[in-house]
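Undergrad: I'm passing along input22.cif; it holds mmCIF, C-alpha atoms.
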data_structure
loop_
_atom_site.group_PDB
_atom_site.id
_atom_site.type_symbol
_atom_site.label_atom_id
_atom_site.label_comp_id
_atom_site.auth_asym_id
_atom_site.auth_seq_id
_atom_site.Cartn_x
_atom_site.Cartn_y
_atom_site.Cartn_z
ATOM 1 C CA ALA A 13 131.010 39.497 -97.850
ATOM 2 C CA LEU A 14 129.086 42.611 -98.831
ATOM 3 C CA ALA A 15 127.209 40.730 -101.582
ATOM 4 C CA THR A 16 126.276 37.978 -99.110
ATOM 5 C CA GLN A 17 125.131 40.585 -96.586
ATOM 6 C CA GLN A 18 122.973 42.345 -99.159
ATOM 7 C CA GLU A 19 121.515 39.070 -100.452
ATOM 8 C CA ALA A 20 120.450 38.210 -96.895
ATOM 9 C CA ALA A 21 118.969 41.691 -96.462
ATOM 10 C CA GLY A 22 117.031 41.239 -99.706
ATOM 11 C CA ARG A 23 115.604 37.920 -98.493
ATOM 12 C CA MET A 24 114.555 39.529 -95.220
ATOM 13 C CA LEU A 25 112.828 42.348 -97.100
ATOM 14 C CA ARG A 26 110.960 39.965 -99.387
ATOM 15 C CA ALA A 27 109.850 37.872 -96.391
ATOM 16 C CA ALA A 28 108.738 41.007 -94.521
ATOM 17 C CA GLU A 29 106.743 42.243 -97.520
ATOM 18 C CA ALA A 30 105.047 38.826 -97.818
ATOM 19 C CA ASP A 31 104.193 38.988 -94.108
ATOM 20 C CA VAL A 32 102.623 42.447 -94.547
ATOM 21 C CA ARG A 33 100.462 41.142 -97.398
ATOM 22 C CA ARG A 34 99.428 38.121 -95.314
ATOM 23 C CA GLN A 35 98.545 40.243 -92.276
ATOM 24 C CA LYS A 36 96.506 42.620 -94.460
ATOM 25 C CA ARG A 37 94.603 39.685 -95.944
ATOM 26 C CA GLU A 38 93.917 38.177 -92.500
ATOM 27 C CA LEU A 39 92.707 41.539 -91.175
ATOM 28 C CA GLU A 40 90.324 41.929 -94.111
ATOM 29 C CA GLU A 41 89.034 38.353 -93.614
ATOM 30 C CA THR A 42 88.548 39.025 -89.913
ATOM 31 C CA GLN A 43 86.554 42.197 -90.616
ATOM 32 C CA ILE A 44 84.310 40.275 -93.051
ATOM 33 C CA LYS A 45 83.766 37.452 -90.512
ATOM 34 C CA VAL A 46 82.907 39.900 -87.698
ATOM 35 C CA ALA A 47 80.429 41.787 -89.919
ATOM 36 C CA ARG A 48 78.846 38.513 -91.099
ATOM 37 C CA ARG A 49 78.561 37.242 -87.521
ATOM 38 C CA ALA A 50 76.920 40.491 -86.415
ATOM 39 C CA ARG A 51 74.349 40.311 -89.239
ATOM 40 C CA HIS A 52 73.599 36.658 -88.462
ATOM 41 C CA SER A 53 73.156 37.350 -84.763
ATOM 42 C CA LYS A 54 70.822 40.249 -85.475
ATOM 43 C CA LYS A 55 68.749 38.097 -87.809
ATOM 44 C CA MET A 56 68.477 35.242 -85.297
ATOM 45 C CA ASP A 57 67.440 37.615 -82.502
ATOM 46 C CA ALA A 58 64.717 39.032 -84.712
ATOM 47 C CA GLN A 59 63.400 35.565 -85.538
ATOM 48 C CA ARG A 60 63.429 34.449 -81.896
ATOM 49 C CA LYS A 61 62.037 37.784 -80.752
ATOM 50 C CA ALA A 62 64.452 37.836 -77.831
ATOM 51 C CA PRO A 63 63.879 40.439 -75.097
ATOM 52 C CA ARG A 64 65.537 43.772 -75.935
ATOM 53 C CA ILE A 65 67.856 43.630 -72.907
ATOM 54 C CA VAL A 66 69.107 40.154 -73.838
ATOM 55 C CA ALA A 67 69.608 41.152 -77.473
ATOM 56 C CA GLY A 68 71.509 44.256 -76.385
ATOM 57 C CA GLU A 69 73.808 42.250 -74.140
ATOM 58 C CA LYS A 70 74.542 39.765 -76.907
ATOM 59 C CA LYS A 71 75.273 42.625 -79.313
ATOM 60 C CA ARG A 72 77.722 44.259 -76.907
ATOM 61 C CA SER A 73 79.459 40.942 -76.284
ATOM 62 C CA ALA A 74 79.776 40.314 -80.014
ATOM 63 C CA GLN A 75 81.147 43.821 -80.592
ATOM 64 C CA GLU A 76 83.752 43.400 -77.852
ATOM 65 C CA SER A 77 84.794 40.040 -79.258
ATOM 66 C CA GLY A 78 85.025 41.492 -82.763
ATOM 67 C CA ASP A 79 86.982 44.524 -81.567
ATOM 68 C CA LYS A 80 89.515 42.285 -79.792
ATOM 69 C CA LEU A 81 89.942 40.150 -82.887
ATOM 70 C CA ARG A 82 90.377 43.191 -85.135
ATOM 71 C CA GLY A 83 92.786 44.767 -82.655
ATOM 72 C CA LEU A 84 94.882 41.593 -82.606
ATOM 73 C CA HIS A 85 95.228 41.557 -86.387
ATOM 74 C CA GLU A 86 95.866 45.317 -86.537
ATOM 75 C CA ASP A 87 98.707 44.900 -84.047
ATOM 76 C CA ARG A 88 100.127 42.053 -86.119
ATOM 77 C CA LEU A 89 99.908 44.198 -89.250
ATOM 78 C CA SER A 90 101.651 47.101 -87.480
ATOM 79 C CA ASP A 91 104.449 44.756 -86.348
ATOM 80 C CA ALA A 92 104.797 43.451 -89.907
ATOM 81 C CA HIS A 93 105.101 47.029 -91.213
ATOM 82 C CA GLU A 94 107.898 47.706 -88.694
ATOM 83 C CA ARG A 95 109.766 44.537 -89.711
ATOM 84 C CA ARG A 96 109.472 45.564 -93.355
ATOM 85 C CA GLU A 97 110.891 49.031 -92.584
ATOM 86 C CA GLU A 98 113.812 47.478 -90.677
ATOM 87 C CA ALA A 99 114.523 45.119 -93.575
ATOM 88 C CA ALA A 100 114.338 47.976 -96.091
ATOM 89 C CA GLU A 101 116.667 50.064 -93.892
ATOM 90 C CA ALA A 102 119.285 47.281 -94.009
ATOM 91 C CA ILE A 103 119.362 47.655 -97.783
ATOM 92 C CA ARG A 104 119.219 51.465 -97.789
ATOM 93 C CA ASN A 105 122.209 51.553 -95.422
ATOM 94 C CA ASP A 106 124.397 50.300 -98.248
ATOM 95 C CA ALA A 107 123.334 53.026 -100.669
ATOM 96 C CA GLU A 108 126.287 55.048 -101.913
ATOM 97 C CA ILE A 109 126.847 58.760 -101.388
ATOM 98 C CA ARG A 110 126.858 60.607 -104.716
ATOM 99 C CA VAL A 111 127.338 64.284 -104.000
ATOM 100 C CA SER A 112 128.535 67.129 -106.222
ATOM 101 C CA LEU A 113 131.294 69.284 -104.685
ATOM 102 C CA PRO A 114 132.679 71.441 -107.515
ATOM 103 C CA HIS A 115 133.674 74.303 -105.197
ATOM 104 C CA THR A 116 136.207 72.061 -103.431
ATOM 105 C CA ALA A 117 138.374 71.897 -106.590
ATOM 106 C CA VAL A 118 141.995 73.052 -106.301
ATOM 107 C CA PRO A 119 144.010 73.902 -109.437
ATOM 108 C CA THR A 120 147.101 71.814 -110.049
ATOM 109 C CA GLY A 121 150.155 73.573 -108.667
ATOM 110 C CA ARG A 122 148.278 75.820 -106.263
ATOM 111 C CA SER A 123 149.854 76.014 -102.780
ATOM 112 C CA VAL A 124 147.566 74.331 -100.243
ATOM 113 C CA LEU A 125 149.685 73.741 -97.131
ATOM 114 C CA SER A 126 153.210 74.597 -96.052
ATOM 115 C CA ILE A 127 155.011 73.063 -93.032
ATOM 116 C CA ASP A 128 158.520 74.251 -92.175
ATOM 117 C CA GLU A 129 160.775 72.740 -89.481
ATOM 118 C CA LEU A 130 157.766 71.848 -87.344
ATOM 119 C CA SER A 131 158.160 70.293 -83.877
ATOM 120 C CA LEU A 132 155.113 68.975 -81.997
ATOM 121 C CA SER A 133 154.143 69.278 -78.355
ATOM 122 C CA HIS A 134 153.343 65.528 -78.302
ATOM 123 C CA GLY A 135 154.752 62.755 -80.469
ATOM 124 C CA LYS A 136 158.077 62.258 -82.221
ATOM 125 C CA LEU A 137 158.104 64.998 -84.839
ATOM 126 C CA ARG A 138 160.993 67.411 -84.242
ATOM 127 C CA ASP A 139 161.856 68.700 -87.693
ATOM 128 C CA GLY A 140 158.994 68.245 -90.105
ATOM 129 C CA SER A 141 158.614 69.902 -93.477
ATOM 130 C CA LEU A 142 155.866 69.356 -96.028
ATOM 131 C CA HIS A 143 154.409 71.237 -98.977
ATOM 132 C CA ILE A 144 151.091 70.279 -100.577
ATOM 133 C CA HIS A 145 150.162 71.609 -104.003
ATOM 134 C CA GLY A 146 146.915 71.113 -105.899
ATOM 135 C CA PRO A 147 144.505 68.216 -105.307
ATOM 136 C CA GLU A 148 147.084 65.829 -103.826
ATOM 137 C CA ARG A 149 145.844 62.889 -101.769
ATOM 138 C CA ILE A 150 148.294 62.199 -98.963
ATOM 139 C CA ALA A 151 148.276 59.288 -96.507
ATOM 140 C CA LEU A 152 149.865 59.968 -93.119
ATOM 141 C CA VAL A 153 151.033 56.756 -91.440
ATOM 142 C CA GLY A 154 153.091 55.938 -88.379
ATOM 143 C CA ARG A 155 153.189 53.834 -85.259
ATOM 144 C CA ASN A 156 150.942 54.574 -82.291
ATOM 145 C CA GLY A 157 152.353 57.511 -80.357
ATOM 146 C CA ALA A 158 154.082 59.007 -83.372
ATOM 147 C CA GLY A 159 151.787 62.035 -83.131
ATOM 148 C CA LYS A 160 149.496 61.777 -86.161
ATOM 149 C CA THR A 161 146.472 63.256 -84.372
ATOM 150 C CA THR A 162 148.658 65.920 -82.743
ATOM 151 C CA LEU A 163 150.006 66.928 -86.140
ATOM 152 C CA LEU A 164 146.516 67.248 -87.636
ATOM 153 C CA ARG A 165 145.263 69.278 -84.687
ATOM 154 C CA THR A 166 148.328 71.497 -84.909
ATOM 155 C CA LEU A 167 147.583 72.150 -88.569
ATOM 156 C CA THR A 168 144.037 73.260 -87.654
ATOM 157 C CA GLY A 169 145.465 75.735 -85.117
ATOM 158 C CA GLU A 170 143.930 73.899 -82.177
ATOM 159 C CA LEU A 171 147.381 73.045 -80.762
ATOM 160 C CA GLU A 172 150.495 75.191 -80.697
ATOM 161 C CA PRO A 173 153.734 73.682 -82.066
ATOM 162 C CA LEU A 174 156.915 73.655 -80.019
ATOM 163 C CA SER A 175 158.695 75.342 -82.917
ATOM 164 C CA GLY A 176 158.457 75.893 -86.619
ATOM 165 C CA GLN A 177 155.341 76.919 -88.470
ATOM 166 C CA ALA A 178 152.440 75.593 -90.532
ATOM 167 C CA LYS A 179 150.391 77.680 -92.923
ATOM 168 C CA THR A 180 147.340 76.864 -95.005
ATOM 169 C CA PHE A 181 146.421 78.792 -98.147
ATOM 170 C CA VAL A 182 142.912 77.396 -98.778
ATOM 171 C CA PRO A 183 139.803 76.754 -96.642
ATOM 172 C CA LEU A 184 140.475 73.812 -94.311
ATOM 173 C CA ARG A 185 138.134 71.351 -92.569
ATOM 174 C CA PHE A 186 139.056 68.567 -90.141
ATOM 175 C CA LEU A 187 137.001 65.474 -89.251
ATOM 176 C CA PRO A 188 138.332 64.010 -85.974
ATOM 177 C CA GLN A 189 137.968 60.411 -84.808
ATOM 178 C CA ARG A 190 135.458 61.274 -82.106
ATOM 179 C CA LEU A 191 133.160 63.146 -84.541
ATOM 180 C CA ASP A 192 132.779 66.055 -82.117
ATOM 181 C CA VAL A 193 131.868 68.440 -84.945
ATOM 182 C CA LEU A 194 128.173 67.678 -84.251
ATOM 183 C CA ASP A 195 125.881 69.416 -81.754
ATOM 184 C CA GLU A 196 123.901 66.568 -80.179
ATOM 185 C CA ASP A 197 120.801 68.716 -79.638
ATOM 186 C CA LEU A 198 120.549 69.993 -83.213
ATOM 187 C CA SER A 199 119.076 68.159 -86.183
ATOM 188 C CA VAL A 200 121.264 66.880 -89.004
ATOM 189 C CA ALA A 201 120.133 69.789 -91.220
ATOM 190 C CA ALA A 202 120.755 72.339 -88.463
ATOM 191 C CA ASN A 203 124.262 70.968 -87.878
ATOM 192 C CA VAL A 204 125.103 71.450 -91.544
ATOM 193 C CA ALA A 205 123.510 74.927 -91.583
ATOM 194 C CA ARG A 206 125.633 75.893 -88.557
ATOM 195 C CA MET A 207 128.797 75.136 -90.564
ATOM 196 C CA ALA A 208 127.498 76.597 -93.828
ATOM 197 C CA PRO A 209 126.261 80.119 -93.030
ATOM 198 C CA GLY A 210 124.488 81.796 -95.906
ATOM 199 C CA VAL A 211 123.632 78.555 -97.710
ATOM 200 C CA THR A 212 119.896 78.126 -98.355
ATOM 201 C CA ASP A 213 117.900 75.489 -96.527
ATOM 202 C CA ASN A 214 116.745 73.986 -99.837
ATOM 203 C CA HIS A 215 120.330 73.526 -101.026
ATOM 204 C CA ILE A 216 121.373 71.958 -97.719
ATOM 205 C CA ARG A 217 118.475 69.497 -97.834
ATOM 206 C CA SER A 218 119.104 68.547 -101.454
ATOM 207 C CA GLN A 219 122.750 67.821 -100.614
ATOM 208 C CA LEU A 220 121.817 65.943 -97.427
ATOM 209 C CA ALA A 221 119.580 63.685 -99.511
ATOM 210 C CA ARG A 222 122.738 62.659 -101.381
ATOM 211 C CA PHE A 223 124.279 61.807 -98.005
ATOM 212 C CA LEU A 224 121.232 59.518 -97.506
ATOM 213 C CA PHE A 225 119.364 61.894 -95.164
ATOM 214 C CA LYS A 226 116.111 62.321 -97.069
ATOM 215 C CA GLY A 227 112.973 64.104 -95.886
ATOM 216 C CA ALA A 228 112.273 63.643 -92.190
ATOM 217 C CA ARG A 229 115.648 61.953 -91.656
ATOM 218 C CA ALA A 230 117.331 65.343 -92.007
ATOM 219 C CA GLU A 231 115.309 66.501 -88.969
ATOM 220 C CA GLN A 232 116.635 63.793 -86.642
ATOM 221 C CA PRO A 233 118.594 65.165 -83.657
ATOM 222 C CA ALA A 234 122.263 64.201 -83.916
ATOM 223 C CA GLY A 235 122.118 62.632 -80.454
ATOM 224 C CA THR A 236 119.595 60.003 -81.654
ATOM 225 C CA LEU A 237 121.604 58.772 -84.649
ATOM 226 C CA SER A 238 123.136 55.319 -84.961
ATOM 227 C CA GLY A 239 126.892 54.969 -85.368
ATOM 228 C CA GLY A 240 126.812 54.863 -89.168
ATOM 229 C CA GLU A 241 124.283 57.700 -89.375
ATOM 230 C CA ARG A 242 126.336 59.805 -86.997
ATOM 231 C CA PHE A 243 129.415 59.355 -89.150
ATOM 232 C CA ARG A 244 127.493 60.321 -92.308
ATOM 233 C CA ALA A 245 126.099 63.409 -90.565
ATOM 234 C CA ALA A 246 129.570 64.484 -89.386
ATOM 235 C CA LEU A 247 130.983 63.854 -92.854
ATOM 236 C CA ALA A 248 128.171 65.892 -94.435
ATOM 237 C CA ALA A 249 128.665 68.785 -92.011
ATOM 238 C CA THR A 250 132.402 68.777 -92.809
ATOM 239 C CA MET A 251 132.234 68.399 -96.579
ATOM 240 C CA LEU A 252 129.242 70.732 -97.085
ATOM 241 C CA ALA A 253 130.725 73.523 -94.963
ATOM 242 C CA ALA A 254 131.028 77.038 -96.370
ATOM 243 C CA PRO A 255 133.392 78.179 -97.640
ATOM 244 C CA ALA A 256 133.882 74.819 -99.352
ATOM 245 C CA PRO A 257 136.920 72.992 -97.902
ATOM 246 C CA GLN A 258 139.760 72.713 -100.385
ATOM 247 C CA LEU A 259 141.906 70.882 -97.843
ATOM 248 C CA LEU A 260 140.152 68.058 -96.023
ATOM 249 C CA MET A 261 141.901 66.282 -93.132
ATOM 250 C CA LEU A 262 140.569 63.013 -91.692
ATOM 251 C CA ASP A 263 141.834 61.216 -88.590
ATOM 252 C CA GLU A 264 141.417 57.406 -88.744
ATOM 253 C CA PRO A 265 138.045 57.773 -90.488
ATOM 254 C CA THR A 266 137.356 54.034 -90.892
ATOM 255 C CA ASN A 267 137.831 53.162 -87.218
ATOM 256 C CA SER A 268 134.644 51.517 -85.873
ATOM 257 C CA LEU A 269 132.845 51.824 -89.231
ATOM 258 C CA ASP A 270 130.966 48.864 -90.700
ATOM 259 C CA MET A 271 131.547 47.767 -94.277
ATOM 260 C CA ALA A 272 128.636 49.790 -95.688
ATOM 261 C CA SER A 273 129.844 52.991 -93.983
ATOM 262 C CA VAL A 274 133.390 52.534 -95.330
ATOM 263 C CA ARG A 275 131.930 52.135 -98.798
ATOM 264 C CA GLN A 276 129.855 55.307 -98.337
ATOM 265 C CA LEU A 277 132.938 57.236 -97.204
ATOM 266 C CA THR A 278 134.861 56.011 -100.240
ATOM 267 C CA SER A 279 132.109 57.089 -102.635
ATOM 268 C CA ALA A 280 131.879 60.511 -100.932
ATOM 269 C CA LEU A 281 135.633 61.052 -101.295
ATOM 270 C CA GLU A 282 135.391 60.160 -104.990
ATOM 271 C CA SER A 283 133.270 63.320 -105.371
ATOM 272 C CA TYR A 284 135.727 65.507 -103.447
ATOM 273 C CA GLU A 285 138.001 67.570 -105.726
ATOM 274 C CA GLY A 286 140.324 69.212 -103.188
ATOM 275 C CA ALA A 287 143.471 68.110 -101.349
ATOM 276 C CA LEU A 288 143.260 65.261 -98.821
ATOM 277 C CA LEU A 289 145.447 64.547 -95.803
ATOM 278 C CA ILE A 290 144.358 61.318 -94.103
ATOM 279 C CA ALA A 291 145.856 59.646 -91.045
ATOM 280 C CA SER A 292 144.952 55.959 -91.218
ATOM 281 C CA HIS A 293 146.167 52.393 -90.713
ATOM 282 C CA ASP A 294 143.549 51.021 -93.116
ATOM 283 C CA LEU A 295 145.699 50.201 -96.155
ATOM 284 C CA PRO A 296 142.894 48.769 -98.373
ATOM 285 C CA PHE A 297 140.848 51.908 -97.763
ATOM 286 C CA LEU A 298 143.792 54.211 -98.521
ATOM 287 C CA GLU A 299 144.547 52.361 -101.744
ATOM 288 C CA SER A 300 140.875 52.565 -102.792
ATOM 289 C CA ILE A 301 140.740 56.386 -102.645
ATOM 290 C CA GLY A 302 143.675 57.103 -104.943
ATOM 291 C CA ILE A 303 146.464 58.161 -102.553
ATOM 292 C CA THR A 304 149.167 60.019 -104.494
ATOM 293 C CA ARG A 305 151.776 60.408 -101.717
ATOM 294 C CA TRP A 306 152.617 58.346 -98.650
ATOM 295 C CA LEU A 307 154.222 60.009 -95.613
ATOM 296 C CA LEU A 308 155.734 58.201 -92.636
ATOM 297 C CA LEU A 309 155.638 60.252 -89.434
ATOM 298 C CA GLY A 310 158.610 59.885 -87.120
ATOM 299 C CA GLU A 311 161.156 62.498 -86.088
ATOM 300 C CA ASP A 312 160.517 63.976 -89.510
ATOM 301 C CA LEU A 313 158.098 63.416 -92.401
ATOM 302 C CA GLN A 314 159.563 60.845 -94.792
ATOM 303 C CA GLU A 315 158.247 59.998 -98.243
ATOM 304 C CA THR A 316 157.451 56.277 -98.420
ATOM 305 C CA THR A 317 155.532 53.778 -100.554
ATOM 306 C CA ALA A 318 152.450 51.608 -100.152
ATOM 307 C CA GLU A 319 154.694 48.509 -99.989
ATOM 308 C CA GLU A 320 156.786 49.984 -97.162
ATOM 309 C CA VAL A 321 153.581 50.994 -95.351
ATOM 310 C CA ARG A 322 152.298 47.421 -95.659
ATOM 311 C CA ASP A 323 155.518 46.098 -94.111
ATOM 312 C CA LEU A 324 155.227 48.642 -91.313
ATOM 313 C CA LEU A 325 151.632 47.728 -90.531
ATOM 314 C CA GLU A 326 152.351 43.994 -90.607
ATOM 315 C CA ALA A 327 155.259 44.316 -88.142
ATOM 316 C CA PRO A 328 154.343 42.939 -84.664
ATOM 317 C CA GLU A 329 154.855 46.253 -82.893
ATOM 318 C CA ALA A 330 152.896 48.260 -85.454
ATOM 319 C CA GLY A 331 149.933 50.223 -84.112
#
Would you put the structure from the file into structure tokens?
TA:
Amino acid sequence: ALATQQEAAGRMLRAAEADVRRQKRELEETQIKVARRARHSKKMDAQRKAPRIVAGEKKRSAQESGDKLRGLHEDRLSDAHERREEAAEAIRNDAEIRVSLPHTAVPTGRSVLSIDELSLSHGKLRDGSLHIHGPERIALVGRNGAGKTTLLRTLTGELEPLSGQAKTFVPLRFLPQRLDVLDEDLSVAANVARMAPGVTDNHIRSQLARFLFKGARAEQPAGTLSGGERFRAALAATMLAAPAPQLLMLDEPTNSLDMASVRQLTSALESYEGALLIASHDLPFLESIGITRWLLLGEDLQETTAEEVRDLLEAPEAG
């Protein structure tokens, strides 16, 4: 499906580029015709020795006619340029994120997160325990209402547990479903700078280019971004934060994302070297990012397998 989509985008781009060339050629031909007509009219007036006032009126009329014709072709050329940019954007949207994040690395065996006898204020969890060590990649699954989002927000300290405790030992960042890490009024670059104090503007912009925000695109206000761009900006602000996150938590990250955006997320996570805790129902996505442990959230946190998760998600009542 992606190959078909990109093939269609390529055809659109080639057609748009051909249209730009055609409109340029027609504009040049129009300018030559208008200049030739003006010279011919001037020559004929001189031969006929027309009164100056009549010659002037004819000249003005010819200029107005020529200006309208040129303006028409200039507008067509401008429209063709816009169509070409839109076609090129459709291809650029599938570019992959290739970012370097060495400071997110966690040594094997290092304690990252500890949960002991945790009970949540919402959801089913009443006696949860979990210990994450090193760069583990953990999928958190469960039916709707089990409390996956509540658990993640409890781990960030945003929500208080009913009992038990959770402790992190490395820098933590959380990307929620609603992407509310962005300030709508700030540019993409300013949003990243807000979460990465002390990092130079040049470094931020070089990294943003790898998140496909190059040049002026990094100056776009977050409130003007499309859905896919907004996700990339939120992901960049989260992953490029300082100190570098060595535990990254994502809540249903592929919800509402198109195919290109899911692919970009996958390529970004390939560059991430820390521990991952991801709540998701998207089994193909989870399998593509190298999940090392599967956890089923209920009254406790149970170790499970990808096959058991697939059965759970295919059950009629599964959320």
Undergrad: Just how far from CA of Ala21 in chain A is CA of Glu86 in chain A, in Å to one decimal?
TA: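 Calculated distance between CA of Glu86 in chain A and CA of Ala21 in chain A is 25.4 Å.
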Undergrad: Name the closest residue to Leu39 in chain A among the candidates A:Glu315, A:Asp263, A:Asp79, A:Asp213; distances are taken between atoms, counting all atoms listed in the file.
TA: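 Of A:Glu315, A:Asp263, A:Asp79, A:Asp213, the one nearest Leu39 in chain A is A:Asp79, counting all atoms listed in the file.
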Undergrad: Enumerate, as number ranges by chain, the residues matched when the PyMOL selection byres ((chain A and resi 117) around 7) is run on the file above.
TA: A: 114-116, 118-119, 258, 285-286
Undergrad: Would you mind exporting C-alpha atoms of the selected residues as an mmCIF file, in the coordinates of the input?
TA:
data_model
loop_
_atom_site.group_PDB
_atom_site.id
_atom_site.type_symbol
_atom_site.label_atom_id
_atom_site.label_comp_id
_atom_site.auth_asym_id
_atom_site.auth_seq_id
_atom_site.Cartn_x
_atom_site.Cartn_y
_atom_site.Cartn_z
ATOM 1 C CA PRO A 114 132.679 71.441 -107.515
ATOM 2 C CA HIS A 115 133.674 74.303 -105.197
ATOM 3 C CA THR A 116 136.207 72.061 -103.431
ATOM 4 C CA VAL A 118 141.995 73.052 -106.301
ATOM 5 C CA PRO A 119 144.010 73.902 -109.437
ATOM 6 C CA GLN A 258 139.760 72.713 -100.385
ATOM 7 C CA GLU A 285 138.001 67.570 -105.726
ATOM 8 C CA GLY A 286 140.324 69.212 -103.188
#
Undergrad: Rounded to one decimal, what separation in Å do you get between CA of Leu220 in chain A and CA of Ala248 in chain A?
TA: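 These two atoms are separated by 7.0 Å.
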Undergrad: What is the distance between CA of Leu288 in chain A and CA of Thr166 in chain A, in Å to one decimal?
TA: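 Going from CA of Leu288 in chain A over to CA of Thr166 in chain A covers 16.1 Å.
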Undergrad: Just checking: using only C-alpha atoms, which residue out of A:Pro209, A:Gly310, A:Gly146, A:Gly140 ends up closest to Ala178 in chain A?
TA: A:Gly140
Undergrad: Hey, which of A:Thr316, A:Ser53, A:Ser292, A:Thr250 ends up closest to Ala208 in chain A? Count all atoms listed in the file.
TA: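 Using all atoms listed in the file, the shortest distance to Ala208 in chain A belongs to A:Thr250.
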Undergrad: Once the PyMOL selection byres ((chain A and resi 297) around 10) has been applied to the shown file, what residues remain in the selection, as a PDB file with C-alpha atoms, keeping the file's coordinate frame?
TA:
ATOM      1  CA  PRO A 265     138.045  57.773 -90.488  1.00  0.00           C
ATOM      2  CA  THR A 266     137.356  54.034 -90.892  1.00  0.00           C
ATOM      3  CA  VAL A 274     133.390  52.534 -95.330  1.00  0.00           C
ATOM      4  CA  ARG A 275     131.930  52.135 -98.798  1.00  0.00           C
ATOM      5  CA  LEU A 277     132.938  57.236 -97.204  1.00  0.00           C
ATOM      6  CA  THR A 278     134.861  56.011-100.240  1.00  0.00           C
ATOM      7  CA  SER A 292     144.952  55.959 -91.218  1.00  0.00           C
ATOM      8  CA  HIS A 293     146.167  52.393 -90.713  1.00  0.00           C
ATOM      9  CA  ASP A 294     143.549  51.021 -93.116  1.00  0.00           C
ATOM     10  CA  LEU A 295     145.699  50.201 -96.155  1.00  0.00           C
ATOM     11  CA  PRO A 296     142.894  48.769 -98.373  1.00  0.00           C
ATOM     12  CA  LEU A 298     143.792  54.211 -98.521  1.00  0.00           C
ATOM     13  CA  GLU A 299     144.547  52.361-101.744  1.00  0.00           C
ATOM     14  CA  SER A 300     140.875  52.565-102.792  1.00  0.00           C
ATOM     15  CA  ILE A 301     140.740  56.386-102.645  1.00  0.00           C
ATOM     16  CA  GLY A 302     143.675  57.103-104.943  1.00  0.00           C
ATOM     17  CA  ILE A 303     146.464  58.161-102.553  1.00  0.00           C
TER      18      ILE A 303
END
Undergrad: Let me make sure I understand: among A:Lys80, A:His215, A:Arg229, A:Lys45, which one has the smallest atom-to-atom distance to Ser199 in chain A if we use all atoms listed in the file?
TA: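 With all atoms listed in the file as the atom set, the closest residue is A:Arg229.
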Undergrad: List the residues matched by the PyMOL selection byres ((chain A and resi 233) around 8) in the displayed structure as a ChimeraX atom specification, ordered by chain and then by residue number.
TA: /A:196-200,231-232,234-237
Undergrad: Contacts of Ile150 in chain A at 9 Å or less, counting all atoms listed in the file, minus same-chain residues fewer than 4 places along, as a ChimeraX atom specification?
TA: /A:144,287-291,303-307
Undergrad: Skip Ser131 in chain A itself and residues of its chain fewer than 2 positions away, then list as a list in words all residues within 10 Å of it, counting only C-alpha atoms.
TA: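 Counting only the stated atoms, we get Asp128, Glu129, Ser133, His134, Gly135, Lys136, Leu137, Arg138, Asp139, Gly140, Ser141, Leu163, Thr166, Glu172, Pro173, Leu174, Ser175, Gly176, Gln177, Glu311 and Asp312 of chain A.
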Undergrad: List the spatial neighbours of Phe181 in chain A as a tab-separated table (two decimals) with C-alpha atoms, in the frame of the given file - criterion: any atom at most 8 Å away, only C-alpha atoms, same-chain residues fewer than 4 positions off excluded.
TA:
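Result file follows (selection.tsv):
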chain	number	residue	atom	x	y	z
A	123	SER	CA	149.85	76.01	-102.78
A	124	VAL	CA	147.57	74.33	-100.24
A	125	LEU	CA	149.68	73.74	-97.13
Undergrad: As a count of residues only, please: the residues near Ser238 in chain A (cut-off 12 Å, all atoms listed in the file, same-chain neighbours under 4 positions excluded).
TA: 11
Undergrad: Write out as a PyMOL selection string each polymer residue whose atoms come within 8 Å of Glu108 in chain A, counting all atoms listed in the file; drop sequence neighbours fewer than 4 positions from it.
TA: chain A and resi 275-276+279-280
Undergrad: Give me the box for range 179-195 of chain A as lines of an AutoDock Vina configuration file, namely the centre and edge lengths in Å to one decimal of a box along x, y and z that holds every listed atom plus 4 Å on each side.
TA:
center_x = 138.1
center_y = 69.6
center_z = -90.3
size_x = 32.5
size_y = 26.4
size_z = 25.0
Undergrad: Taking into account only C-alpha atoms, which residue in the set A:Ile109, A:Leu132, A:Leu25, A:Asn156 is nearest to Arg95 in chain A?
TA: A:Leu25
